[in-house]
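This report refers to the structure that appears directly beneath it.
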Amino acid sequence: MDYDDIELLASCVLTVIPAVLLVLIGILVHKRASAGSLGLYALIGIMASLLYAFVAPSITMALLPPPDDPSFADGRGLDLRGLMLFIGSWVGALLGAGSTLIVVGVAKVLVWKAKRVAGTATLTE
């Protein structure tokens, strides 16, 4: 595996991680916490996604630095290796924020539906 393959694999992982983690945390918050905690989950999830967009590329570039190429070091070309790591992190942050909003929306609809069903059940009795 050369650096391009590793970069592509790492960018795919960076894209998926925040969305999966935030959906799992959102399901736990919906199942175990109070209804008021969904707003806090939304705020923390979006802020964590923004933080991820800025921190993840730096950490990944420190762990997987692009190889040094002498032809690019002399200023004769533009070396864009490592750019996929930044793009993967940014897309992951967008997916994380979007999945947070979707989880909050679905949880709110489920709570509303449960209250509506409970309200009609008490009216029929």
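In the structure tokens, the first chain shown is A, the next is B, and so on; residue numbers restart at 1 for each chain, and ligands run from 1 in the order shown.
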
With only C-alpha atoms as the counted atoms, please give the residues lying no more than 9 Å from Ala42 in chain A, apart from itself and same-chain residues fewer than 6 positions off, as a compact mmCIF listing (two decimals) with all heavy atoms, in the first residue's frame.
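For reference, around-v5.txt as written:
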# COMPACT_ATOMS: atom_id res chain seq x y z
N GLY A 26 -26.81 9.78 20.28
CA GLY A 26 -28.16 10.31 20.21
C GLY A 26 -29.21 9.27 20.57
O GLY A 26 -30.20 9.57 21.24
N ALA A 97 -22.81 16.85 12.07
CA ALA A 97 -23.80 17.87 12.42
C ALA A 97 -25.16 17.53 11.83
O ALA A 97 -26.19 17.67 12.50
CB ALA A 97 -23.32 19.23 11.93
N THR A 100 -26.72 14.68 13.74
CA THR A 100 -27.20 15.15 15.04
C THR A 100 -28.57 15.79 14.89
O THR A 100 -29.49 15.50 15.67
CB THR A 100 -26.21 16.17 15.63
OG1 THR A 100 -24.96 15.54 15.83
CG2 THR A 100 -26.72 16.71 16.95
N LEU A 101 -28.73 16.64 13.89
CA LEU A 101 -30.02 17.28 13.67
C LEU A 101 -31.11 16.27 13.29
O LEU A 101 -32.26 16.39 13.72
CB LEU A 101 -29.89 18.36 12.60
CG LEU A 101 -29.01 19.55 12.99
CD1 LEU A 101 -28.87 20.50 11.81
CD2 LEU A 101 -29.60 20.27 14.18
N VAL A 103 -31.19 13.04 14.19
CA VAL A 103 -31.52 12.26 15.38
C VAL A 103 -32.42 13.07 16.31
O VAL A 103 -33.40 12.54 16.86
CB VAL A 103 -30.23 11.81 16.11
CG1 VAL A 103 -30.53 11.30 17.50
CG2 VAL A 103 -29.53 10.73 15.31
N VAL A 104 -32.12 14.35 16.49
CA VAL A 104 -32.96 15.20 17.35
C VAL A 104 -34.36 15.32 16.76
O VAL A 104 -35.36 15.22 17.48
CB VAL A 104 -32.31 16.59 17.55
CG1 VAL A 104 -33.28 17.55 18.19
CG2 VAL A 104 -31.07 16.46 18.40

Checklist entry - Neighbours of Phe54 in chain A within 9 Å (only C-alpha atoms; same-chain residues fewer than 5 positions away dropped), as a ChimeraX atom specification? => result /A:49,86,89-90

Item to check | Of the listed residues A:Pro57, A:Ser99, A:Ser71, A:Val106, that which approaches Ala10 in chain A most closely, counting only C-alpha atoms | outcome: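 Counting only C-alpha atoms, the residue closest to Ala10 in chain A is A:Pro57.
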
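Among the candidates A:Leu110, A:Met1, A:Ile87, A:Leu22, the one nearest to Met47 in chain A when counting only C-alpha atoms is A:Leu22.
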
Checklist entry - For Asp2 in chain A, which residue among A:Leu51, A:Leu64, A:Ile102, A:Leu21 is the nearest when counting only C-alpha atoms? => result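 Residue with the minimum atom-to-atom distance to Asp2 in chain A: A:Leu64.
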